[in-house]
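Visitor: For reference, the file target-v3.cif (mmCIF, C-alpha atoms and all ligand atoms) is included below:
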```cif
data_model
loop_
_atom_site.label_atom_id
_atom_site.label_comp_id
_atom_site.auth_asym_id
_atom_site.auth_seq_id
_atom_site.Cartn_x
_atom_site.Cartn_y
_atom_site.Cartn_z
CA MET T 136 0.00 0.00 0.00
CA THR T 137 1.30 3.44 -0.86
CA ARG T 138 1.17 6.08 1.85
CA PHE T 139 -2.43 6.40 2.89
CA PRO T 140 -3.90 9.86 2.23
CA SER T 141 -4.41 12.19 5.21
CA ALA T 142 -7.81 13.32 3.90
CA ILE T 143 -10.42 10.76 2.85
CA VAL T 144 -14.15 10.67 2.56
CA LEU T 145 -16.10 7.44 2.98
CA ARG T 146 -19.15 7.78 0.76
CA ASN T 147 -22.59 6.35 1.55
CA ALA T 148 -21.82 4.29 4.64
CA ASN T 149 -24.43 3.08 7.11
CA VAL T 150 -23.21 4.73 10.32
CA LEU T 151 -23.76 3.60 13.93
CA ASP T 152 -25.85 6.21 15.74
CA GLU T 153 -26.56 7.09 19.36
CA SER T 154 -29.31 4.48 19.64
CA GLY T 155 -27.02 1.64 18.58
CA GLY T 156 -28.83 1.40 15.24
CA PHE T 157 -27.55 2.55 11.86
CA SER T 158 -28.39 5.78 10.06
CA GLY T 159 -27.55 6.92 6.58
CA PRO T 160 -26.28 6.45 4.04
CA PHE T 161 -23.87 9.15 5.18
CA ASP T 162 -20.49 10.44 4.09
CA VAL T 163 -17.74 10.56 6.69
CA TYR T 164 -14.99 13.09 6.00
CA VAL T 165 -11.70 12.38 7.76
CA VAL T 166 -8.78 14.81 7.94
CA ASP T 167 -5.50 14.09 9.76
CA GLY T 168 -6.98 11.21 11.71
CA GLY T 169 -10.00 13.11 12.98
CA ILE T 170 -13.60 13.22 11.81
CA ALA T 171 -14.31 16.58 10.14
CA ALA T 172 -17.90 16.01 9.02
CA VAL T 173 -20.64 13.36 8.90
CA GLY T 174 -23.81 13.62 6.84
CA PRO T 175 -25.38 13.28 3.42
CA ASN T 176 -23.47 14.75 0.44
CA VAL T 177 -20.56 16.13 2.49
CA SER T 178 -18.27 18.34 0.43
CA ALA T 179 -14.75 17.16 1.06
CA GLY T 180 -12.49 19.23 -1.19
CA ASP T 181 -9.93 17.02 -2.92
CA ALA T 182 -10.04 14.26 -0.30
CA VAL T 183 -9.72 10.73 -1.68
CA SER T 184 -13.16 9.22 -1.96
CA LEU T 185 -13.83 5.61 -0.89
CA ASP T 186 -17.08 3.96 -1.84
CA ALA T 187 -18.56 2.57 1.38
CA SER T 188 -22.04 1.87 0.06
CA ASP T 189 -23.44 -1.37 1.51
CA LEU T 190 -20.88 -1.19 4.29
CA TRP T 191 -21.62 -0.62 7.99
CA LEU T 192 -19.39 1.82 9.88
CA LEU T 193 -18.97 1.79 13.64
CA PRO T 194 -16.43 3.29 16.02
CA GLY T 195 -13.42 1.10 16.81
CA ILE T 196 -14.12 -1.58 19.41
CA PHE T 197 -12.98 -1.13 23.02
CA ASP T 198 -11.67 -4.28 24.69
CA CYS T 199 -11.85 -3.12 28.29
CA HIS T 200 -10.23 -6.19 29.81
CA ASP T 201 -7.39 -7.69 27.87
CA HIS T 202 -3.91 -9.00 28.63
CA ILE T 203 -2.01 -8.42 25.41
CA SER T 204 1.32 -9.41 26.97
CA MET T 205 0.13 -12.91 27.86
CA SER T 206 0.66 -15.72 25.39
CA THR T 207 0.81 -19.08 27.13
CA LEU T 208 -0.69 -21.02 30.02
CA SER T 209 2.51 -23.03 30.40
CA ILE T 210 4.54 -21.97 33.41
CA ALA T 211 7.50 -23.96 32.04
CA GLU T 212 7.37 -22.01 28.78
CA SER T 213 6.93 -18.69 30.60
CA LEU T 214 9.92 -19.34 32.86
CA ALA T 215 12.06 -20.23 29.82
CA THR T 216 11.05 -17.16 27.78
CA PRO T 217 13.59 -14.31 27.59
CA LEU T 218 12.10 -10.89 28.32
CA SER T 219 12.90 -9.70 24.81
CA ARG T 220 10.83 -12.47 23.23
CA TRP T 221 8.04 -11.76 25.69
CA ALA T 222 7.99 -8.09 24.72
CA LEU T 223 8.15 -8.79 21.00
CA GLU T 224 5.40 -11.38 21.10
CA THR T 225 3.34 -8.77 22.94
CA ALA T 226 3.84 -6.53 19.89
CA GLN T 227 2.47 -9.30 17.69
CA ASN T 228 -0.53 -9.78 20.01
CA ALA T 229 -1.17 -6.03 19.86
CA ARG T 230 -1.16 -6.06 16.05
CA LEU T 231 -3.53 -9.03 15.87
CA THR T 232 -5.86 -7.30 18.30
CA LEU T 233 -5.96 -4.10 16.24
CA GLU T 234 -6.50 -6.03 13.00
CA ALA T 235 -9.51 -7.71 14.62
CA GLY T 236 -11.15 -4.30 14.97
CA VAL T 237 -10.12 -3.42 18.53
CA THR T 238 -8.69 0.10 18.41
CA PHE T 239 -8.57 0.64 22.19
CA VAL T 240 -7.45 -1.76 24.90
CA ARG T 241 -7.62 -1.41 28.65
CA ASP T 242 -4.90 -3.86 29.62
CA MET T 243 -5.74 -5.22 33.05
CA ALA T 244 -2.24 -6.39 34.04
CA GLY T 245 0.81 -7.57 32.14
CA ALA T 246 1.48 -4.78 29.67
CA ASP T 247 3.52 -1.92 31.09
CA ALA T 248 3.68 1.77 30.27
CA GLY T 249 6.53 1.14 27.82
CA MET T 250 4.35 -1.14 25.71
CA ARG T 251 1.54 1.40 25.72
CA ASP T 252 3.93 4.20 24.80
CA SER T 253 5.69 2.20 22.07
CA ILE T 254 2.37 1.79 20.30
CA ALA T 255 1.51 5.46 20.80
CA ARG T 256 4.89 6.44 19.29
CA GLY T 257 4.35 4.16 16.32
CA TYR T 258 7.27 1.78 17.03
CA VAL T 259 4.81 -1.09 16.73
CA THR T 260 1.27 -1.41 15.47
CA GLY T 261 -1.51 -1.85 17.98
CA PRO T 262 -4.54 -0.37 19.68
CA THR T 263 -4.42 2.72 21.87
CA MET T 264 -3.81 1.39 25.37
CA GLN T 265 -4.47 2.10 28.98
CA VAL T 266 -2.59 -0.14 31.40
CA SER T 267 -2.75 -1.19 35.05
CA THR T 268 0.76 -2.72 34.82
CA VAL T 269 0.10 -5.25 37.60
CA LEU T 270 -2.73 -6.83 39.56
CA ILE T 271 -2.40 -5.86 43.21
CA SER T 272 -3.20 -8.88 45.32
CA GLN T 273 -2.93 -10.04 48.91
CA THR T 274 -0.61 -12.85 49.94
CA GLY T 275 -2.29 -16.03 48.77
CA GLY T 276 -4.73 -14.01 46.67
CA HIS T 277 -5.61 -14.23 42.99
CA GLY T 278 -2.46 -12.44 41.82
CA ASP T 279 -0.07 -14.47 43.97
CA GLY T 280 1.45 -17.36 42.05
CA PHE T 281 3.78 -18.41 44.86
CA LEU T 282 5.79 -21.50 43.93
CA ALA T 283 6.26 -23.61 47.04
CA GLY T 284 9.18 -25.65 45.62
CA PRO T 285 11.75 -22.91 45.05
CA GLY T 286 9.77 -20.44 47.25
CA PHE T 287 9.45 -17.94 44.41
CA GLU T 288 6.93 -15.10 44.59
CA LEU T 289 5.53 -14.85 41.06
CA SER T 290 2.43 -13.82 39.20
CA PRO T 291 0.19 -16.88 38.69
CA ALA T 292 1.92 -19.28 36.28
CA TYR T 293 4.48 -16.51 35.67
CA LEU T 294 1.95 -15.16 33.13
CA MET T 295 3.40 -11.73 33.83
CA PRO T 296 7.18 -11.98 34.11
CA ASN T 297 9.24 -10.03 36.58
CA TYR T 298 11.45 -7.22 35.26
CA PRO T 299 13.43 -4.33 36.74
CA GLY T 300 11.12 -1.59 37.98
CA LYS T 301 8.01 -3.72 38.11
CA PRO T 302 5.82 -2.46 40.95
CA ARG T 303 5.19 -4.74 43.91
CA PHE T 304 1.92 -6.55 43.50
CA VAL T 305 1.61 -8.95 46.46
CA VAL T 306 0.99 -6.76 49.51
CA ASP T 307 -0.88 -6.84 52.82
CA GLY T 308 -2.27 -4.21 55.17
CA VAL T 309 -3.20 -0.60 54.52
CA GLU T 310 0.34 0.78 54.59
CA GLU T 311 1.66 -1.72 52.05
CA LEU T 312 -1.38 -1.17 49.86
CA ARG T 313 -0.91 2.56 49.90
CA LYS T 314 2.73 2.10 48.92
CA ALA T 315 1.82 -0.39 46.19
CA VAL T 316 -0.71 2.01 44.66
CA ARG T 317 1.94 4.72 44.67
CA GLU T 318 4.45 2.39 43.00
CA VAL T 319 1.94 1.41 40.32
CA ILE T 320 1.19 5.05 39.59
CA ARG T 321 4.93 5.77 39.49
CA SER T 322 5.29 3.04 36.89
CA GLY T 323 3.08 5.10 34.58
CA ALA T 324 -0.14 3.13 34.99
CA ASP T 325 -3.50 4.57 33.94
CA TRP T 326 -5.49 2.27 36.23
CA ILE T 327 -5.11 0.57 39.56
CA LYS T 328 -6.25 -3.03 39.43
CA LEU T 329 -7.03 -4.89 42.63
CA ALA T 330 -8.08 -8.47 43.24
CA THR T 331 -10.79 -8.16 45.89
CA THR T 332 -11.89 -11.78 45.51
CA GLY T 333 -10.13 -14.94 44.54
CA GLY T 334 -10.31 -16.18 40.97
CA LEU T 335 -10.41 -19.29 38.83
CA VAL T 336 -7.01 -19.51 37.10
CA SER T 337 -4.99 -19.40 40.34
CA ASP T 338 -4.18 -21.96 43.02
CA HIS T 339 -4.54 -20.47 46.49
CA ASP T 340 -7.86 -18.63 46.47
CA ASN T 341 -11.63 -18.86 46.13
CA PRO T 342 -13.73 -16.61 43.82
CA LEU T 343 -16.42 -16.12 46.46
CA VAL T 344 -14.06 -15.29 49.33
CA ALA T 345 -12.88 -11.71 49.85
CA ASP T 346 -9.25 -10.86 49.18
CA PHE T 347 -8.23 -7.78 51.20
CA THR T 348 -10.33 -6.27 53.98
CA LEU T 349 -12.75 -3.43 53.31
CA GLU T 350 -10.29 -1.08 54.99
CA GLU T 351 -7.49 -2.18 52.66
CA VAL T 352 -9.67 -1.70 49.57
CA GLN T 353 -10.83 1.71 50.78
CA THR T 354 -7.22 2.76 51.34
CA ALA T 355 -6.23 1.73 47.82
CA VAL T 356 -9.20 3.51 46.25
CA ALA T 357 -8.61 6.66 48.29
CA GLU T 358 -4.95 6.75 47.33
CA ALA T 359 -5.70 6.17 43.63
CA THR T 360 -8.50 8.76 43.66
CA ARG T 361 -6.22 11.34 45.26
CA LYS T 362 -3.92 10.87 42.26
CA GLY T 363 -6.78 10.95 39.75
CA LYS T 364 -6.54 7.26 38.83
CA PRO T 365 -9.57 4.98 38.56
CA VAL T 366 -9.67 1.55 40.17
CA ALA T 367 -10.83 -1.70 38.59
CA SER T 368 -11.50 -4.68 40.77
CA HIS T 369 -11.22 -8.32 39.86
CA ALA T 370 -14.26 -9.68 41.72
CA TYR T 371 -16.39 -12.74 41.04
CA GLY T 372 -18.96 -12.23 43.78
CA GLY T 373 -19.61 -12.47 47.49
CA PRO T 374 -18.29 -10.03 50.12
CA GLY T 375 -15.17 -9.10 48.13
CA LEU T 376 -17.38 -7.70 45.37
CA ASP T 377 -19.40 -5.83 48.01
CA ASN T 378 -16.20 -4.34 49.43
CA ALA T 379 -15.09 -3.10 46.01
CA VAL T 380 -18.43 -1.44 45.25
CA ALA T 381 -18.63 0.08 48.75
CA ALA T 382 -15.10 1.46 48.39
CA GLY T 383 -16.03 3.16 45.11
CA VAL T 384 -14.15 1.28 42.38
CA ARG T 385 -15.07 2.31 38.85
CA SER T 386 -15.47 -1.19 37.48
CA ILE T 387 -16.01 -4.77 38.52
CA GLU T 388 -14.17 -7.30 36.34
CA HIS T 389 -15.85 -10.68 35.69
CA GLY T 390 -18.65 -10.53 38.32
CA GLY T 391 -19.65 -14.07 37.42
CA PHE T 392 -21.69 -14.59 40.60
CA LEU T 393 -23.31 -11.14 40.66
CA THR T 394 -26.56 -11.10 42.66
CA GLU T 395 -29.59 -8.88 42.05
CA GLU T 396 -28.88 -6.95 45.23
CA GLN T 397 -25.28 -6.32 44.20
CA ALA T 398 -26.39 -5.22 40.72
CA GLN T 399 -28.76 -2.73 42.33
CA ARG T 400 -25.93 -1.25 44.37
CA MET T 401 -23.60 -1.12 41.36
CA ALA T 402 -26.21 0.69 39.27
CA LYS T 403 -26.75 3.21 42.08
CA ALA T 404 -23.01 3.80 42.42
CA GLY T 405 -22.48 4.05 38.64
CA CYS T 406 -20.07 1.13 38.87
CA TRP T 407 -19.39 -0.64 35.56
CA LEU T 408 -19.40 -4.38 34.92
CA VAL T 409 -16.98 -5.94 32.43
CA PRO T 410 -18.26 -9.52 32.22
CA THR T 411 -15.34 -11.17 30.28
CA LEU T 412 -17.47 -13.99 28.88
CA SER T 413 -14.79 -15.15 26.41
CA ALA T 414 -12.39 -15.87 29.24
CA MET T 415 -15.00 -17.62 31.36
CA ARG T 416 -16.03 -19.82 28.45
CA ASP T 417 -12.40 -20.68 27.58
CA THR T 418 -11.53 -21.26 31.23
CA LEU T 419 -14.34 -23.77 31.50
CA ARG T 420 -13.04 -25.56 28.39
CA TRP T 421 -9.47 -25.62 29.71
CA ALA T 422 -10.74 -27.13 32.95
CA GLN T 423 -12.64 -29.82 31.05
CA GLN T 424 -9.52 -30.56 28.97
CA GLY T 425 -7.33 -30.59 32.08
CA VAL T 426 -4.80 -28.09 30.72
CA LEU T 427 -4.74 -26.01 33.92
CA THR T 428 -3.34 -27.15 37.26
CA PRO T 429 -5.39 -29.87 39.00
CA VAL T 430 -6.43 -27.38 41.73
CA GLN T 431 -7.65 -24.87 39.14
CA CYS T 432 -9.51 -27.50 37.08
CA ARG T 433 -11.33 -28.83 40.13
CA LYS T 434 -12.21 -25.33 41.34
CA ILE T 435 -13.58 -24.22 37.95
CA LEU T 436 -15.66 -27.35 37.43
CA ASP T 437 -16.98 -27.36 41.01
CA PHE T 438 -18.18 -23.75 40.81
CA GLY T 439 -20.36 -24.46 37.77
CA LEU T 440 -20.39 -20.86 36.55
CA GLU T 441 -23.48 -19.97 34.51
CA LEU T 442 -22.09 -18.14 31.48
CA GLY T 443 -23.97 -14.89 30.87
CA GLY T 444 -26.08 -14.98 34.04
CA ALA T 445 -24.37 -11.85 35.40
CA VAL T 446 -25.02 -10.01 32.14
CA ARG T 447 -28.75 -10.64 32.42
CA VAL T 448 -28.81 -9.47 36.06
CA ALA T 449 -26.75 -6.38 35.22
CA LYS T 450 -29.01 -5.50 32.31
CA GLU T 451 -32.14 -5.87 34.43
CA TYR T 452 -30.87 -3.41 37.03
CA GLY T 453 -29.24 -0.94 34.64
CA VAL T 454 -25.59 -1.58 35.51
CA PRO T 455 -23.42 0.10 32.86
CA LEU T 456 -21.72 -2.56 30.73
CA ALA T 457 -18.49 -2.56 28.73
CA ILE T 458 -16.95 -5.51 26.97
CA GLY T 459 -13.70 -7.28 27.74
CA THR T 460 -12.20 -10.55 26.59
CA ASP T 461 -9.60 -11.24 29.30
CA TYR T 462 -7.40 -13.04 26.76
CA ILE T 463 -4.27 -14.74 28.12
CA THR T 464 -3.05 -17.03 25.32
CA ARG T 465 -1.63 -16.52 21.82
CA GLU T 466 -4.43 -18.64 20.35
CA GLN T 467 -7.03 -16.15 21.63
CA HIS T 468 -5.53 -12.81 20.58
CA GLY T 469 -7.26 -11.52 17.46
CA SER T 470 -10.60 -13.25 18.09
CA ASN T 471 -11.75 -10.37 20.30
CA LEU T 472 -15.03 -9.69 18.46
CA GLU T 473 -16.32 -13.00 19.76
CA GLU T 474 -17.01 -11.21 23.03
CA LEU T 475 -19.67 -9.20 21.19
CA ALA T 476 -21.35 -12.42 20.05
CA LEU T 477 -21.23 -13.86 23.57
CA MET T 478 -22.78 -10.69 25.00
CA GLN T 479 -25.60 -10.93 22.46
CA GLU T 480 -26.10 -14.62 23.23
CA ALA T 481 -26.22 -13.72 26.95
CA GLY T 482 -29.28 -11.56 26.32
CA LEU T 483 -28.25 -8.10 25.10
CA SER T 484 -29.74 -6.69 21.89
CA VAL T 485 -27.39 -5.96 18.98
CA GLU T 486 -27.82 -2.26 19.71
CA GLU T 487 -26.88 -2.72 23.37
CA VAL T 488 -23.81 -4.75 22.47
CA LEU T 489 -22.57 -2.27 19.87
CA LEU T 490 -22.97 0.67 22.26
CA ALA T 491 -21.29 -1.22 25.13
CA ALA T 492 -18.41 -2.09 22.80
CA THR T 493 -17.86 1.50 21.62
CA LYS T 494 -19.39 4.43 23.52
CA GLY T 495 -19.58 2.38 26.73
CA GLY T 496 -15.92 1.45 26.61
CA ALA T 497 -14.97 5.06 25.93
CA GLU T 498 -16.99 6.24 28.93
CA LEU T 499 -15.48 3.62 31.23
CA CYS T 500 -11.98 4.61 30.08
CA GLY T 501 -12.73 8.32 30.51
CA VAL T 502 -12.11 9.19 26.85
CA ALA T 503 -15.71 9.59 25.61
CA ASP T 504 -15.03 13.15 24.49
CA ARG T 505 -12.62 11.93 21.76
CA TYR T 506 -13.37 8.24 21.18
CA GLY T 507 -16.33 5.90 20.78
CA ARG T 508 -18.51 7.83 18.32
CA ILE T 509 -18.60 8.57 14.62
CA ALA T 510 -19.11 12.31 14.95
CA PRO T 511 -17.25 15.53 14.10
CA GLY T 512 -14.36 16.23 16.45
CA TYR T 513 -13.82 12.53 17.26
CA VAL T 514 -10.74 10.48 16.44
CA PHE T 515 -11.41 8.33 13.38
CA ASP T 516 -10.99 4.93 15.01
CA ALA T 517 -13.46 2.81 13.12
CA VAL T 518 -14.49 -0.58 11.82
CA LEU T 519 -16.22 -1.13 8.49
CA LEU T 520 -18.35 -4.25 8.37
CA ALA T 521 -19.15 -5.98 5.10
CA GLY T 522 -22.67 -6.90 6.24
CA GLU T 523 -25.37 -5.61 8.53
CA PRO T 524 -24.59 -6.69 12.10
CA GLY T 525 -27.51 -8.87 13.05
CA LYS T 526 -26.15 -12.11 14.37
CA LEU T 527 -22.87 -10.89 15.87
CA ARG T 528 -21.24 -14.31 15.63
CA ARG T 529 -20.99 -13.59 11.89
CA LEU T 530 -18.38 -10.93 12.70
CA LEU T 531 -15.91 -13.79 13.12
CA GLU T 532 -16.36 -15.02 9.54
CA PRO T 533 -13.53 -14.26 7.08
CA GLY T 534 -14.14 -10.98 5.27
CA ALA T 535 -16.74 -9.75 7.80
CA VAL T 536 -14.45 -6.87 8.80
CA ALA T 537 -13.81 -4.90 5.58
CA ALA T 538 -11.59 -2.27 7.18
CA VAL T 539 -10.12 -1.15 10.49
CA PHE T 540 -8.92 2.42 10.93
CA LYS T 541 -6.90 3.81 13.81
CA ALA T 542 -6.57 7.60 13.83
CA GLY T 543 -7.45 7.66 10.13
CA GLN T 544 -4.84 5.10 9.09
CA PRO T 545 -5.95 1.65 7.92
CA ALA T 546 -4.82 -1.46 9.80
CA VAL T 547 -7.03 -3.59 7.57
CA LEU T 548 -8.34 -2.52 4.17
CA ASP T 549 -10.46 -4.62 1.82
CA PRO T 550 -9.01 -4.63 -1.73
CA ARG T 551 -12.32 -3.23 -2.94
CA LEU T 552 -11.63 -0.03 -0.98
CA GLU T 553 -7.93 -0.02 -1.78
CA ASP T 554 -8.68 0.25 -5.50
CA ALA T 555 -9.77 3.86 -5.04
CA LEU T 556 -6.32 4.90 -3.84
ZN ZN T 601 -7.98 -10.60 33.49
#
```
Show this structure as structure tokens.
Ligand SMILES: [Zn+2]

Guide:
Amino acid sequence: MTRFPSAIVLRNANVLDESGGFSGPFDVYVVDGGIAAVGPNVSAGDAVSLDASDLWLLPGIFDCHDHISMSTLSIAESLATPLSRWALETAQNARLTLEAGVTFVRDMAGADAGMRDSIARGYVTGPTMQVSTVLISQTGGHGDGFLAGPGFELSPAYLMPNYPGKPRFVVDGVEELRKAVREVIRSGADWIKLATTGGLVSDHDNPLVADFTLEEVQTAVAEATRKGKPVASHAYGGPGLDNAVAAGVRSIEHGGFLTEEQAQRMAKAGCWLVPTLSAMRDTLRWAQQGVLTPVQCRKILDFGLELGGAVRVAKEYGVPLAIGTDYITREQHGSNLEELALMQEAGLSVEEVLLAATKGGAELCGVADRYGRIAPGYVFDAVLLAGEPGKLRRLLEPGAVAAVFKAGQPAVLDPRLEDAL
């Protein structure tokens, strides 16, 4: 492809509107990566014109819970991987994610500020990122992958390797938590991520038992808030989820055992839910196949998680929803749009899914003034679909995504559109 023009106009596209439906056909005029005008018969000077008739245009997808630096479940492989290969495979994962149509990722542990900034500087291709760097966890909590043999303190399965300058992530008590939050912010993180319950893919904890006391969680949230950083909490359910909501976190991650009463309180507090159905579904499969540790497999199968139940409860009570895949293997990266299909299959309408995946993600990430809409003044992060999005599972079929733009530059471009250049 020759250098892509800085001014283009997409002619006659069906454009996602505020209701989650499609309006048009409209022209979308893009100059220097930003949207200059949207409407019928837009005059666009000598901008290059692309025929988008019979194509459906939506803002770029937000994956609000991803782990682009994670590639394998094998602790042996992770321990044998040099940091350089880890970082470079992360770059590949980032590219695959963007090419899938995800233009914005909230990385919920693993990726560091350097990875985020390398993409922003254009060293490597990938989505715009916000990062939490690490998952702050109590001793024996979801983020503590302690290896009893050598006595190593690691992230679970060494999914997130240690490196110089990595903030501490296994801490206990209010003073250590305060210090940990400060270290994470010093590392350049955009978010603080806490594990306030146990999880599934970890050995020492239980998803319905609280990790950290309420006082510890409140201390972390207060310290983050003082520095203007939002907090996301890994929480499946039970009292640890209650603690997170009471302490004022901005989002609950997973929430697989969310009750009606908890959903009511989240809606009242304006607390978001990121249900991560892809991960839950894959985790269940891994447990059935026995590819996780025996403790993890037994735990996952015993809990009998009902996939999508939390989404239905959240919808009923008006909890704001964003989408997140929670991908942790190289086989998963790039299939991110499947989360949209799973959200639809869990009971959301197509309109609700498309808004959660775009405008919703932008609101959760605090960037809704520049991202998440096809409107003048917004960054042209966008996905062009070859067909009308009805059954969202079709988005995974080859050719379903005709183009992906990030800040006006194509990451994917169907030959049909390329011909105009
Ligand atoms: Zn996660």

Visitor: Name the closest residue to Ala457 of chain T among the candidates T:Val485, T:Ile196, T:Leu185, T:Met250; distances are taken between atoms, counting all atoms listed in the file.

Guide: T:Ile196

Visitor: Extract, using all atoms listed in the file, all DNA, RNA and protein residues at most 8 Å from segment 231-242 of chain T, discarding same-chain residues fewer than 3 positions from it, and format them as number ranges by chain.

Guide: T: 195-203, 227-228, 245-246, 260-268, 468-472, 500, 516-518, 536, 539-541, 546-547

Visitor: Can you write out as CSV which residues of segment 388-431 of chain T fall within 12 Å of segment 270-294 of chain T, alongside each residue's closest atom pair and its distance in Å to one decimal, counting only C-alpha atoms and ordering rows by chain and ascending residue number?

Guide:
```
residue,atom,partner,partner_atom,distance
T:Glu388,CA,T:Leu270,CA,11.9
T:Leu427,CA,T:Ala292,CA,9.8
T:Thr428,CA,T:Ala292,CA,9.5
T:Gln431,CA,T:Pro291,CA,11.2
```

Visitor: Measuring atom to atom with all atoms listed in the file, identify which of T:Leu151, T:Val319, T:Val269, T:Val173 is nearest to ligand ZN 601 (chain T).

Guide: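 Among the listed residues, the smallest separation from ligand ZN 601 (chain T) belongs to T:Val269.
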
Visitor: Between T:Phe304, T:Tyr371, T:Phe438, T:Phe392, which one has atoms that come closest to ligand ZN 601 (chain T), using all atoms listed in the file?

Guide: T:Tyr371

Visitor: Which distance in Å separates atom CA of Val144 of chain T and atom CA of Leu192 of chain T, to one decimal?

Guide: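 Straight-line distance from atom CA of Val144 of chain T to atom CA of Leu192 of chain T works out to 12.6 Å.
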
Visitor: Mind pulling up the distance from atom CA of Gly257 of chain T to atom CA of Arg303 of chain T?

Guide: 29.0 Å

Visitor: As an MDAnalysis selection string, please: the residues near Glu351 of chain T (cut-off 9 Å, only C-alpha atoms, same-chain neighbours under 3 positions excluded).

Guide: chainID T and resid 307:310 312:313 347:348 354:356

Visitor: For the residues in the current selection, export C-alpha atoms as a PDB file, in the frame of the given file.

Guide:
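Output (selection_15.pdb):
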```pdb
ATOM      1  CA  ASP T 307      -0.880  -6.840  52.820  1.00  0.00           C
ATOM      2  CA  GLY T 308      -2.270  -4.210  55.170  1.00  0.00           C
ATOM      3  CA  VAL T 309      -3.200  -0.600  54.520  1.00  0.00           C
ATOM      4  CA  GLU T 310       0.340   0.780  54.590  1.00  0.00           C
ATOM      5  CA  LEU T 312      -1.380  -1.170  49.860  1.00  0.00           C
ATOM      6  CA  ARG T 313      -0.910   2.560  49.900  1.00  0.00           C
ATOM      7  CA  PHE T 347      -8.230  -7.780  51.200  1.00  0.00           C
ATOM      8  CA  THR T 348     -10.330  -6.270  53.980  1.00  0.00           C
ATOM      9  CA  THR T 354      -7.220   2.760  51.340  1.00  0.00           C
ATOM     10  CA  ALA T 355      -6.230   1.730  47.820  1.00  0.00           C
ATOM     11  CA  VAL T 356      -9.200   3.510  46.250  1.00  0.00           C
TER      12      VAL T 356
END
```

Visitor: Report as a PyMOL selection string all protein, DNA and RNA residues lying within 12 Å of Trp221 of chain T, evaluated on all atoms listed in the file, omitting residues in the same chain fewer than 2 positions from it.

Guide: chain T and resi 203-207+212-219+223-228+245-246+250+293-298+465

Visitor: What lies within 9 Å of Ala537 of chain T using only C-alpha atoms, ignoring chain neighbours under 3 positions off, as an MDAnalysis selection string?

Guide: chainID T and resid 190 518:521 534 547:552

Visitor: Quick one, how far is atom CA of Ala476 of chain T from atom CA of Ser413 of chain T?

Guide: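 It comes out at 9.5 Å.
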
Visitor: Counting all atoms listed in the file, figure out which residue out of T:Gln424, T:Asn149, T:Thr411, T:Asn378 gets nearest to ligand ZN 601 (chain T).

Guide: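 Among the listed residues, the smallest separation from ligand ZN 601 (chain T) belongs to T:Thr411.
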
Visitor: Choose the residue, out of T:Leu145, T:Val336, T:Val163, T:Ala229, that has the smallest atom-to-atom separation from ligand ZN 601 (chain T); count all atoms listed in the file.

Guide: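 Smallest distance to ligand ZN 601 (chain T) is found for T:Val336.
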
Visitor: Which one is closest to ligand ZN 601 (chain T): T:Lys434, T:Arg361, T:Arg317, T:Lys328? Count all atoms listed in the file.

Guide: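 Closest to ligand ZN 601 (chain T) of all the choices is T:Lys328.
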